[in-house]
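**Student:** Next comes entry.pdb, PDB, C-alpha atoms, pLDDT in the B column:
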ATOM      1  CA  MET A 807      12.735 -11.943  13.691  1.00 64.00           C
ATOM      2  CA  ASN A 808       8.991 -11.960  14.283  1.00 78.00           C
ATOM      3  CA  LYS A 809       6.666 -13.357  11.661  1.00 87.00           C
ATOM      4  CA  ILE A 810       3.503 -11.565  10.656  1.00 93.00           C
ATOM      5  CA  LYS A 811       0.499 -13.867  10.906  1.00 89.00           C
ATOM      6  CA  LEU A 812      -2.152 -12.965   8.331  1.00 89.00           C
ATOM      7  CA  THR A 813      -4.423 -16.035   8.337  1.00 85.00           C
ATOM      8  CA  ASN A 814      -4.373 -19.457   9.943  1.00 84.00           C
ATOM      9  CA  ASN A 815      -2.251 -20.795   7.081  1.00 86.00           C
ATOM     10  CA  ARG A 816      -0.403 -17.702   5.821  1.00 90.00           C
ATOM     11  CA  CYS A 817       2.433 -15.819   7.495  1.00 93.00           C
ATOM     12  CA  ILE A 818       5.092 -13.384   6.307  1.00 95.00           C
ATOM     13  CA  GLY A 819       8.666 -14.249   7.228  1.00 93.00           C
ATOM     14  CA  ASP A 820      12.033 -15.439   5.974  1.00 91.00           C
ATOM     15  CA  ASP A 821      11.116 -19.127   6.116  1.00 91.00           C
ATOM     16  CA  GLU A 822       7.740 -18.552   4.415  1.00 94.00           C
ATOM     17  CA  PRO A 823       6.986 -18.363   0.668  1.00 95.00           C
ATOM     18  CA  PRO A 824       7.371 -14.787  -0.627  1.00 96.00           C
ATOM     19  CA  PHE A 825       4.211 -12.768  -0.025  1.00 97.00           C
ATOM     20  CA  ILE A 826       3.228 -11.294  -3.401  1.00 97.00           C
ATOM     21  CA  ILE A 827       1.009  -8.204  -3.507  1.00 98.00           C
ATOM     22  CA  ALA A 828      -0.666  -6.979  -6.693  1.00 97.00           C
ATOM     23  CA  GLU A 829      -0.947  -3.199  -6.408  1.00 95.00           C
ATOM     24  CA  ILE A 830      -4.278  -2.205  -7.929  1.00 95.00           C
ATOM     25  CA  GLY A 831      -4.263   1.270  -6.381  1.00 90.00           C
ATOM     26  CA  ASN A 832      -6.543   3.469  -8.486  1.00 89.00           C
ATOM     27  CA  ASN A 833      -5.995   1.552 -11.723  1.00 89.00           C
ATOM     28  CA  HIS A 834      -9.672   0.551 -11.621  1.00 94.00           C
ATOM     29  CA  ASN A 835     -10.490   4.112 -12.798  1.00 91.00           C
ATOM     30  CA  GLY A 836     -13.368   4.244 -10.338  1.00 93.00           C
ATOM     31  CA  ASP A 837     -15.122   1.333 -12.088  1.00 94.00           C
ATOM     32  CA  LEU A 838     -16.229  -1.449  -9.725  1.00 96.00           C
ATOM     33  CA  GLU A 839     -16.404  -4.035 -12.499  1.00 97.00           C
ATOM     34  CA  LYS A 840     -12.872  -3.124 -13.584  1.00 97.00           C
ATOM     35  CA  ALA A 841     -11.724  -3.612  -9.988  1.00 97.00           C
ATOM     36  CA  PHE A 842     -13.320  -7.077  -9.949  1.00 98.00           C
ATOM     37  CA  GLU A 843     -11.640  -7.906 -13.260  1.00 98.00           C
ATOM     38  CA  LEU A 844      -8.212  -6.869 -11.963  1.00 98.00           C
ATOM     39  CA  MET A 845      -8.723  -8.888  -8.777  1.00 98.00           C
ATOM     40  CA  LYS A 846      -9.726 -11.971 -10.752  1.00 98.00           C
ATOM     41  CA  ILE A 847      -6.644 -11.667 -12.968  1.00 97.00           C
ATOM     42  CA  ALA A 848      -4.436 -11.245  -9.891  1.00 97.00           C
ATOM     43  CA  LYS A 849      -5.925 -14.398  -8.366  1.00 97.00           C
ATOM     44  CA  GLU A 850      -5.369 -16.340 -11.594  1.00 97.00           C
ATOM     45  CA  LEU A 851      -1.733 -15.212 -11.607  1.00 96.00           C
ATOM     46  CA  GLY A 852      -1.281 -16.686  -8.136  1.00 96.00           C
ATOM     47  CA  VAL A 853      -0.567 -13.611  -6.026  1.00 96.00           C
ATOM     48  CA  ASP A 854      -1.340 -13.625  -2.311  1.00 96.00           C
ATOM     49  CA  ALA A 855      -3.023 -10.239  -1.996  1.00 97.00           C
ATOM     50  CA  VAL A 856      -4.422  -7.242  -3.822  1.00 98.00           C
ATOM     51  CA  LYS A 857      -4.083  -3.712  -2.517  1.00 98.00           C
ATOM     52  CA  PHE A 858      -6.153  -0.580  -3.048  1.00 97.00           C
ATOM     53  CA  GLN A 859      -5.820   3.068  -2.018  1.00 96.00           C
ATOM     54  CA  VAL A 860      -8.464   4.881   0.039  1.00 97.00           C
ATOM     55  CA  LYS A 861      -8.631   8.664   0.437  1.00 95.00           C
ATOM     56  CA  ASN A 862     -10.820  11.394   1.798  1.00 95.00           C
ATOM     57  CA  ILE A 863      -9.789  13.782  -0.933  1.00 92.00           C
ATOM     58  CA  GLU A 864     -10.733  16.893   1.061  1.00 93.00           C
ATOM     59  CA  LYS A 865      -8.304  15.785   3.800  1.00 88.00           C
ATOM     60  CA  SER A 866      -5.597  14.429   1.479  1.00 88.00           C
ATOM     61  CA  PHE A 867      -5.212  17.391  -0.898  1.00 90.00           C
ATOM     62  CA  SER A 868      -5.256  21.154  -0.571  1.00 91.00           C
ATOM     63  CA  LYS A 869      -8.335  23.132  -1.607  1.00 93.00           C
ATOM     64  CA  GLU A 870      -6.180  25.069  -4.040  1.00 94.00           C
ATOM     65  CA  LEU A 871      -5.106  21.877  -5.780  1.00 93.00           C
ATOM     66  CA  LEU A 872      -8.609  20.384  -5.769  1.00 93.00           C
ATOM     67  CA  ASP A 873     -10.095  23.537  -7.289  1.00 93.00           C
ATOM     68  CA  SER A 874      -7.475  23.758 -10.030  1.00 95.00           C
ATOM     69  CA  PRO A 875      -8.395  22.906 -13.646  1.00 93.00           C
ATOM     70  CA  TYR A 876      -7.513  19.370 -14.659  1.00 93.00           C
ATOM     71  CA  VAL A 877      -8.408  18.829 -18.281  1.00 90.00           C
ATOM     72  CA  ASN A 878      -6.243  16.376 -20.217  1.00 90.00           C
ATOM     73  CA  GLU A 879      -6.431  12.974 -21.856  1.00 88.00           C
ATOM     74  CA  ASN A 880      -6.168  11.250 -18.445  1.00 86.00           C
ATOM     75  CA  SER A 881      -8.744  13.384 -16.628  1.00 91.00           C
ATOM     76  CA  PHE A 882     -12.068  12.162 -15.243  1.00 92.00           C
ATOM     77  CA  GLY A 883     -13.370  15.702 -14.601  1.00 90.00           C
ATOM     78  CA  ASN A 884     -12.837  19.385 -15.254  1.00 93.00           C
ATOM     79  CA  THR A 885     -11.102  20.023 -11.915  1.00 95.00           C
ATOM     80  CA  TYR A 886      -8.667  17.968  -9.877  1.00 92.00           C
ATOM     81  CA  ARG A 887     -11.447  17.462  -7.298  1.00 92.00           C
ATOM     82  CA  GLU A 888     -13.789  16.000  -9.919  1.00 92.00           C
ATOM     83  CA  HIS A 889     -10.959  13.823 -11.203  1.00 93.00           C
ATOM     84  CA  LYS A 890     -10.082  12.416  -7.761  1.00 91.00           C
ATOM     85  CA  GLU A 891     -13.734  11.979  -6.740  1.00 92.00           C
ATOM     86  CA  ALA A 892     -14.304   9.817  -9.802  1.00 92.00           C
ATOM     87  CA  LEU A 893     -11.539   7.456  -8.681  1.00 91.00           C
ATOM     88  CA  GLU A 894     -12.759   6.874  -5.125  1.00 94.00           C
ATOM     89  CA  PHE A 895     -15.084   4.066  -4.087  1.00 95.00           C
ATOM     90  CA  SER A 896     -17.857   4.483  -1.526  1.00 95.00           C
ATOM     91  CA  LYS A 897     -17.970   2.398   1.637  1.00 97.00           C
ATOM     92  CA  GLU A 898     -20.623   0.194   0.047  1.00 97.00           C
ATOM     93  CA  GLN A 899     -18.429  -0.394  -3.003  1.00 97.00           C
ATOM     94  CA  LEU A 900     -15.405  -1.188  -0.828  1.00 97.00           C
ATOM     95  CA  ILE A 901     -17.455  -3.764   1.074  1.00 98.00           C
ATOM     96  CA  LYS A 902     -18.281  -5.414  -2.253  1.00 98.00           C
ATOM     97  CA  ILE A 903     -14.590  -5.421  -3.184  1.00 98.00           C
ATOM     98  CA  TYR A 904     -13.533  -7.012   0.111  1.00 98.00           C
ATOM     99  CA  ASP A 905     -16.373  -9.553  -0.119  1.00 98.00           C
ATOM    100  CA  TYR A 906     -15.307 -10.468  -3.654  1.00 98.00           C
ATOM    101  CA  ALA A 907     -11.751 -11.006  -2.425  1.00 97.00           C
ATOM    102  CA  LYS A 908     -13.105 -13.509   0.100  1.00 96.00           C
ATOM    103  CA  GLU A 909     -14.955 -15.308  -2.701  1.00 97.00           C
ATOM    104  CA  LEU A 910     -11.717 -15.506  -4.665  1.00 97.00           C
ATOM    105  CA  GLY A 911      -9.754 -16.691  -1.635  1.00 95.00           C
ATOM    106  CA  ILE A 912      -7.321 -13.777  -1.793  1.00 95.00           C
ATOM    107  CA  ILE A 913      -6.303 -11.206   0.822  1.00 97.00           C
ATOM    108  CA  CYS A 914      -7.490  -7.656   0.166  1.00 97.00           C
ATOM    109  CA  PHE A 915      -6.160  -4.604   1.990  1.00 98.00           C
ATOM    110  CA  SER A 916      -5.598  -0.896   1.448  1.00 98.00           C
ATOM    111  CA  THR A 917      -3.358   2.125   1.894  1.00 97.00           C
ATOM    112  CA  PRO A 918      -5.198   4.892   3.785  1.00 97.00           C
ATOM    113  CA  PHE A 919      -4.158   8.447   2.942  1.00 96.00           C
ATOM    114  CA  ASP A 920      -5.733  10.084   5.998  1.00 96.00           C
ATOM    115  CA  ILE A 921      -7.181   9.285   9.416  1.00 97.00           C
ATOM    116  CA  ASP A 922     -10.773   9.358   8.147  1.00 96.00           C
ATOM    117  CA  SER A 923      -9.823   6.599   5.704  1.00 97.00           C
ATOM    118  CA  VAL A 924      -8.313   4.538   8.542  1.00 98.00           C
ATOM    119  CA  GLU A 925     -11.659   4.761  10.345  1.00 98.00           C
ATOM    120  CA  LEU A 926     -13.511   3.777   7.169  1.00 98.00           C
ATOM    121  CA  LEU A 927     -11.235   0.791   6.601  1.00 98.00           C
ATOM    122  CA  GLU A 928     -11.595  -0.316  10.209  1.00 98.00           C
ATOM    123  CA  SER A 929     -15.375  -0.308   9.792  1.00 98.00           C
ATOM    124  CA  ILE A 930     -15.108  -2.870   6.965  1.00 98.00           C
ATOM    125  CA  GLY A 931     -12.489  -5.097   8.610  1.00 97.00           C
ATOM    126  CA  ASN A 932      -9.346  -4.169   6.678  1.00 97.00           C
ATOM    127  CA  PRO A 933      -6.820  -6.875   7.719  1.00 96.00           C
ATOM    128  CA  ILE A 934      -3.479  -5.143   7.001  1.00 97.00           C
ATOM    129  CA  TYR A 935      -2.457  -1.512   6.655  1.00 98.00           C
ATOM    130  CA  LYS A 936       0.051  -0.193   4.152  1.00 98.00           C
ATOM    131  CA  VAL A 937       1.886   3.041   4.896  1.00 98.00           C
ATOM    132  CA  SER A 938       2.971   4.545   1.598  1.00 96.00           C
ATOM    133  CA  SER A 939       6.356   6.167   1.053  1.00 96.00           C
ATOM    134  CA  PHE A 940       4.495   9.463   0.758  1.00 94.00           C
ATOM    135  CA  HIS A 941       3.312   9.135   4.381  1.00 97.00           C
ATOM    136  CA  VAL A 942       6.489   8.024   6.185  1.00 97.00           C
ATOM    137  CA  THR A 943       6.748  11.455   7.835  1.00 97.00           C
ATOM    138  CA  ASP A 944       3.021  11.647   8.689  1.00 97.00           C
ATOM    139  CA  LEU A 945       3.417  10.392  12.248  1.00 98.00           C
ATOM    140  CA  GLU A 946      -0.169  11.301  13.146  1.00 98.00           C
ATOM    141  CA  LEU A 947      -1.486   9.008  10.416  1.00 98.00           C
ATOM    142  CA  ILE A 948       0.972   6.245  11.349  1.00 98.00           C
ATOM    143  CA  SER A 949      -0.124   6.503  14.989  1.00 98.00           C
ATOM    144  CA  ALA A 950      -3.789   6.139  13.966  1.00 98.00           C
ATOM    145  CA  ILE A 951      -2.891   3.059  11.915  1.00 98.00           C
ATOM    146  CA  CYS A 952      -0.922   1.581  14.814  1.00 98.00           C
ATOM    147  CA  LYS A 953      -3.919   1.945  17.125  1.00 98.00           C
ATOM    148  CA  THR A 954      -5.915  -0.477  14.929  1.00 98.00           C
ATOM    149  CA  ASN A 955      -3.664  -3.307  16.182  1.00 96.00           C
ATOM    150  CA  ARG A 956      -3.409  -4.664  12.642  1.00 97.00           C
ATOM    151  CA  PRO A 957      -0.192  -5.716  10.870  1.00 96.00           C
ATOM    152  CA  ILE A 958       1.580  -2.848   9.088  1.00 97.00           C
ATOM    153  CA  ILE A 959       3.679  -2.736   5.924  1.00 98.00           C
ATOM    154  CA  ILE A 960       5.616   0.494   5.337  1.00 98.00           C
ATOM    155  CA  SER A 961       7.507   1.603   2.226  1.00 97.00           C
ATOM    156  CA  THR A 962      10.626   3.765   2.397  1.00 96.00           C
ATOM    157  CA  GLY A 963      10.779   5.620  -0.936  1.00 95.00           C
ATOM    158  CA  MET A 964      11.718   9.344  -0.826  1.00 92.00           C
ATOM    159  CA  SER A 965      12.661   9.017   2.858  1.00 94.00           C
ATOM    160  CA  THR A 966      15.893   9.635   4.744  1.00 95.00           C
ATOM    161  CA  GLU A 967      17.236   7.095   7.227  1.00 94.00           C
ATOM    162  CA  GLU A 968      16.257   9.418  10.061  1.00 97.00           C
ATOM    163  CA  GLU A 969      12.679   9.710   8.794  1.00 97.00           C
ATOM    164  CA  VAL A 970      12.342   5.932   8.468  1.00 97.00           C
ATOM    165  CA  ASP A 971      13.873   5.461  11.931  1.00 97.00           C
ATOM    166  CA  LYS A 972      11.261   7.792  13.470  1.00 98.00           C
ATOM    167  CA  ALA A 973       8.405   5.964  11.753  1.00 98.00           C
ATOM    168  CA  ILE A 974       9.674   2.521  12.764  1.00 97.00           C
ATOM    169  CA  SER A 975      10.295   3.658  16.349  1.00 97.00           C
ATOM    170  CA  LEU A 976       6.694   4.840  16.548  1.00 98.00           C
ATOM    171  CA  ILE A 977       5.359   1.580  15.118  1.00 98.00           C
ATOM    172  CA  LYS A 978       7.464  -0.438  17.600  1.00 96.00           C
ATOM    173  CA  GLU A 979       5.724   1.357  20.468  1.00 97.00           C
ATOM    174  CA  TYR A 980       2.529  -0.428  19.417  1.00 96.00           C
ATOM    175  CA  THR A 981       3.420  -3.682  17.670  1.00 95.00           C
ATOM    176  CA  ASN A 982       6.087  -6.085  16.431  1.00 93.00           C
ATOM    177  CA  GLU A 983       3.900  -7.147  13.510  1.00 95.00           C
ATOM    178  CA  PHE A 984       5.313  -4.875  10.843  1.00 97.00           C
ATOM    179  CA  ALA A 985       7.383  -5.134   7.680  1.00 97.00           C
ATOM    180  CA  VAL A 986       9.525  -2.630   5.792  1.00 97.00           C
ATOM    181  CA  LEU A 987       9.713  -2.400   2.004  1.00 98.00           C
ATOM    182  CA  HIS A 988      12.711  -1.011   0.166  1.00 97.00           C
ATOM    183  CA  CYS A 989      11.313   1.336  -2.465  1.00 95.00           C
ATOM    184  CA  VAL A 990      12.576   3.825  -5.049  1.00 94.00           C
ATOM    185  CA  SER A 991       9.954   6.461  -5.806  1.00 91.00           C
ATOM    186  CA  SER A 992      10.535   7.044  -9.493  1.00 89.00           C
ATOM    187  CA  TYR A 993       8.135   5.904 -12.189  1.00 90.00           C
ATOM    188  CA  PRO A 994       9.402   3.844 -13.864  1.00 92.00           C
ATOM    189  CA  THR A 995      12.548   3.138 -11.830  1.00 93.00           C
ATOM    190  CA  GLU A 996      15.654   2.592 -13.916  1.00 92.00           C
ATOM    191  CA  ASP A 997      17.527  -0.624 -13.135  1.00 89.00           C
ATOM    192  CA  GLU A 998      20.692   1.229 -12.119  1.00 92.00           C
ATOM    193  CA  ASP A 999      18.730   3.129  -9.437  1.00 92.00           C
ATOM    194  CA  VAL A1000      17.196   0.110  -7.683  1.00 92.00           C
ATOM    195  CA  ASN A1001      20.050  -0.649  -5.209  1.00 94.00           C
ATOM    196  CA  LEU A1002      18.781  -3.973  -3.848  1.00 95.00           C
ATOM    197  CA  ARG A1003      21.731  -4.053  -1.439  1.00 95.00           C
ATOM    198  CA  VAL A1004      19.573  -1.943   0.852  1.00 95.00           C
ATOM    199  CA  ILE A1005      17.453  -5.028   1.602  1.00 96.00           C
ATOM    200  CA  PRO A1006      19.982  -6.873   3.820  1.00 95.00           C
ATOM    201  CA  THR A1007      20.880  -3.552   5.453  1.00 95.00           C
ATOM    202  CA  LEU A1008      17.233  -2.954   6.408  1.00 96.00           C
ATOM    203  CA  LYS A1009      16.914  -6.529   7.652  1.00 94.00           C
ATOM    204  CA  GLU A1010      19.895  -6.154   9.967  1.00 93.00           C
ATOM    205  CA  LYS A1011      18.823  -2.726  11.193  1.00 95.00           C
ATOM    206  CA  TYR A1012      15.140  -3.357  11.943  1.00 94.00           C
ATOM    207  CA  ASP A1013      15.041  -7.139  12.567  1.00 90.00           C
ATOM    208  CA  CYS A1014      11.694  -7.538  10.835  1.00 95.00           C
ATOM    209  CA  PRO A1015      10.402  -8.955   7.545  1.00 96.00           C
ATOM    210  CA  ILE A1016      11.853  -6.921   4.668  1.00 97.00           C
ATOM    211  CA  GLY A1017      10.415  -6.667   1.183  1.00 97.00           C
ATOM    212  CA  TYR A1018      10.593  -4.720  -2.027  1.00 97.00           C
ATOM    213  CA  SER A1019       8.055  -2.368  -3.616  1.00 96.00           C
ATOM    214  CA  GLY A1020       9.001  -2.115  -7.276  1.00 93.00           C
ATOM    215  CA  HIS A1021       8.196   0.485  -9.919  1.00 92.00           C
ATOM    216  CA  GLU A1022      10.548  -0.794 -12.614  1.00 92.00           C
ATOM    217  CA  LYS A1023       9.611  -2.530 -15.842  1.00 92.00           C
ATOM    218  CA  GLY A1024       9.653  -6.331 -16.019  1.00 91.00           C
ATOM    219  CA  ILE A1025      10.060  -8.934 -13.273  1.00 90.00           C
ATOM    220  CA  ALA A1026      13.831  -9.484 -13.115  1.00 93.00           C
ATOM    221  CA  ILE A1027      14.385  -6.975 -10.309  1.00 95.00           C
ATOM    222  CA  CYS A1028      11.597  -8.450  -8.166  1.00 95.00           C
ATOM    223  CA  THR A1029      12.943 -11.995  -8.525  1.00 94.00           C
ATOM    224  CA  SER A1030      16.427 -10.706  -7.691  1.00 95.00           C
ATOM    225  CA  ALA A1031      15.009  -8.991  -4.600  1.00 96.00           C
ATOM    226  CA  ILE A1032      13.738 -12.347  -3.361  1.00 96.00           C
ATOM    227  CA  ALA A1033      17.147 -13.891  -3.970  1.00 95.00           C
ATOM    228  CA  ILE A1034      18.793 -11.210  -1.851  1.00 95.00           C
ATOM    229  CA  GLY A1035      16.368 -11.647   1.037  1.00 95.00           C
ATOM    230  CA  ALA A1036      13.020  -9.949   0.343  1.00 96.00           C
ATOM    231  CA  CYS A1037      10.046 -11.905   1.699  1.00 96.00           C
ATOM    232  CA  ILE A1038       7.431  -9.482   0.341  1.00 97.00           C
ATOM    233  CA  ILE A1039       7.068  -8.216  -3.221  1.00 97.00           C
ATOM    234  CA  GLU A1040       4.662  -5.430  -4.116  1.00 97.00           C
TER     235      GLU A1040
END
Take the structure I supplied and represent it as structure tokens, if you would.

**Tutor:**
Amino acid sequence: MNKIKLTNNRCIGDDEPPFIIAEIGNNHNGDLEKAFELMKIAKELGVDAVKFQVKNIEKSFSKELLDSPYVNENSFGNTYREHKEALEFSKEQLIKIYDYAKELGIICFSTPFDIDSVELLESIGNPIYKVSSFHVTDLELISAICKTNRPIIISTGMSTEEEVDKAISLIKEYTNEFAVLHCVSSYPTEDEDVNLRVIPTLKEKYDCPIGYSGHEKGIAICTSAIAIGACIIE
């Protein structure tokens, strides 16, 4: 099994300490100071990395959806477009986020939702790419990510074995520096639906670092995932 080398003193692999990712996503609510606060807390908790999401909303969502009304207690605008625009950082803001991660001594990377976002992330030196469960079947996006020659972490929620096989086969055409995360795409995931036994199955099938992307409550499932062989926790 190949290790994934991230820095001179940090790798991902079975004989390495578990690589712990704090998923910030869009939980910053479009507020740069809130993003900094979440990153600082993550560093204090001892995680290895923080992860964000980056989207060109015009490419990631349909015009019909973006134009639809979106007025509720969780909305940041009157339409879905206004809501999503409020949650996205500019390139300049992302540079500040990645620079702050360097100050903290923590790895920062992102999940791109479209090819434009891959190009944006490349321009600011994104060190790792995450392929979300939602994009396992988007082979055009995966191909664009592969062409960056950066390490790749891919989640498998909502996907069939055949769909995951196609994505992994494509990634293998470009690199051996990739990892696969077992994931159940329900929010929150009930304990009886987690099925951690998939982890050793994935490890045997793909011969790469295997991890777990959890959406359940608490930490018991994540610690159990490590015990059963996960070397990445998100």

**Student:** Which of these, A:Ser961, A:Phe825, A:Lys809, A:Leu838, has the shortest distance to Val853 (chain A) once you count all atoms listed in the file?

**Tutor:**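 Ranked by minimum distance to Val853 (chain A), first place goes to A:Phe825.
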
**Student:** Which residues would end up in the selection if the PyMOL selection byres ((chain A and resi 904) around 12) were applied here, given that I need the answer as number ranges by chain?

**Tutor:** A: 838, 841-842, 845, 855-858, 895, 897-903, 905-916, 927, 929-933

**Student:** Go ahead and compute the interatomic distance for CA of Arg1003 (chain A) and CA of Ile1039 (chain A), in Å to one decimal.

**Tutor:**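 CA of Ile1039 (chain A) lies at a distance of 15.3 Å from CA of Arg1003 (chain A).
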
**Student:** Identify, on the basis of all atoms listed in the file, every residue whose closest approach to Gly1017 (chain A) does not exceed 7 Å; exclude the query and any residue fewer than 2 positions from it along the same chain; express the result as JSON, numbers by chain.

**Tutor:** {"A": [986, 987, 988, 1015, 1019, 1036, 1037, 1038, 1039]}

**Student:** Apply the PyMOL selection byres ((chain A and resi 1023) around 12) to the file shown and report the selected residues as a list of chain:residue names.

**Tutor:**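 What the PyMOL selection byres ((chain A and resi 1023) around 12) grabs from the file is A:Ser992, A:Tyr993, A:Pro994, A:Thr995, A:Glu996, A:Asp997, A:Val1000, A:Gly1020, A:His1021, A:Glu1022, A:Gly1024, A:Ile1025, A:Ala1026, A:Ile1027, A:Cys1028.
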
**Student:** On this structure, the PyMOL selection byres ((chain A and resi 954) around 10) would catch which residues? List them as a list in words, sorted by chain and number.

**Tutor:**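 Answer for the PyMOL selection byres ((chain A and resi 954) around 10): Val924, Glu925, Leu927, Glu928, Asn932, Pro933, Ile934, Tyr935, Ser949, Ala950, Ile951, Cys952, Lys953, Asn955, Arg956, Pro957, Ile958 and Tyr980 of chain A.
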
**Student:** Hey, can you check how far CA of Tyr1018 (chain A) sits from CA of Asn1001 (chain A)?

**Tutor:**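 So the answer is 10.8 Å.
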
**Student:** Take CA of Leu872 (chain A) and CA of Ile948 (chain A) and report the distance between them in Å, one decimal.

**Tutor:** 24.2 Å

**Student:** What's the 12 Å shell around Ala973 (chain A), counting all atoms listed in the file, without same-chain residues fewer than 2 positions away, as a PyMOL selection string?

**Tutor:** chain A and resi 937-939+941-949+951-952+958-962+965-971+975-980+984-986+1012

**Student:** Given the block above, output region 850-861 of chain A with N, CA and C atoms as a PDB file, in the first residue's frame.

**Tutor:**
ATOM      1  N   GLU A 850      -6.403  23.953  18.166  1.00  0.00           N
ATOM      2  CA  GLU A 850      -6.310  23.711  19.606  1.00  0.00           C
ATOM      3  C   GLU A 850      -6.754  22.294  19.975  1.00  0.00           C
ATOM      4  N   LEU A 851      -7.671  21.740  19.197  1.00  0.00           N
ATOM      5  CA  LEU A 851      -8.145  20.379  19.451  1.00  0.00           C
ATOM      6  C   LEU A 851      -7.161  19.312  18.956  1.00  0.00           C
ATOM      7  N   GLY A 852      -6.180  19.738  18.159  1.00  0.00           N
ATOM      8  CA  GLY A 852      -5.132  18.817  17.746  1.00  0.00           C
ATOM      9  C   GLY A 852      -5.357  18.096  16.439  1.00  0.00           C
ATOM     10  N   VAL A 853      -6.295  18.578  15.608  1.00  0.00           N
ATOM     11  CA  VAL A 853      -6.502  17.920  14.320  1.00  0.00           C
ATOM     12  C   VAL A 853      -5.335  18.224  13.383  1.00  0.00           C
ATOM     13  N   ASP A 854      -5.248  17.445  12.309  1.00  0.00           N
ATOM     14  CA  ASP A 854      -4.164  17.634  11.345  1.00  0.00           C
ATOM     15  C   ASP A 854      -4.505  18.641  10.261  1.00  0.00           C
ATOM     16  N   ALA A 855      -5.793  18.737   9.912  1.00  0.00           N
ATOM     17  CA  ALA A 855      -6.174  19.554   8.764  1.00  0.00           C
ATOM     18  C   ALA A 855      -7.581  20.104   8.934  1.00  0.00           C
ATOM     19  N   VAL A 856      -7.827  21.211   8.249  1.00  0.00           N
ATOM     20  CA  VAL A 856      -9.183  21.746   8.118  1.00  0.00           C
ATOM     21  C   VAL A 856      -9.546  21.743   6.644  1.00  0.00           C
ATOM     22  N   LYS A 857     -10.834  21.564   6.374  1.00  0.00           N
ATOM     23  CA  LYS A 857     -11.269  21.483   4.979  1.00  0.00           C
ATOM     24  C   LYS A 857     -12.455  22.407   4.730  1.00  0.00           C
ATOM     25  N   PHE A 858     -12.401  23.076   3.577  1.00  0.00           N
ATOM     26  CA  PHE A 858     -13.466  23.975   3.152  1.00  0.00           C
ATOM     27  C   PHE A 858     -14.109  23.447   1.868  1.00  0.00           C
ATOM     28  N   GLN A 859     -15.171  24.098   1.429  1.00  0.00           N
ATOM     29  CA  GLN A 859     -15.800  23.807   0.151  1.00  0.00           C
ATOM     30  C   GLN A 859     -15.725  25.051  -0.723  1.00  0.00           C
ATOM     31  N   VAL A 860     -15.457  24.855  -2.015  1.00  0.00           N
ATOM     32  CA  VAL A 860     -15.340  25.978  -2.944  1.00  0.00           C
ATOM     33  C   VAL A 860     -16.223  25.686  -4.161  1.00  0.00           C
ATOM     34  N   LYS A 861     -17.064  26.668  -4.514  1.00  0.00           N
ATOM     35  CA  LYS A 861     -18.009  26.476  -5.613  1.00  0.00           C
ATOM     36  C   LYS A 861     -18.099  27.719  -6.478  1.00  0.00           C
TER      37      LYS A 861
END
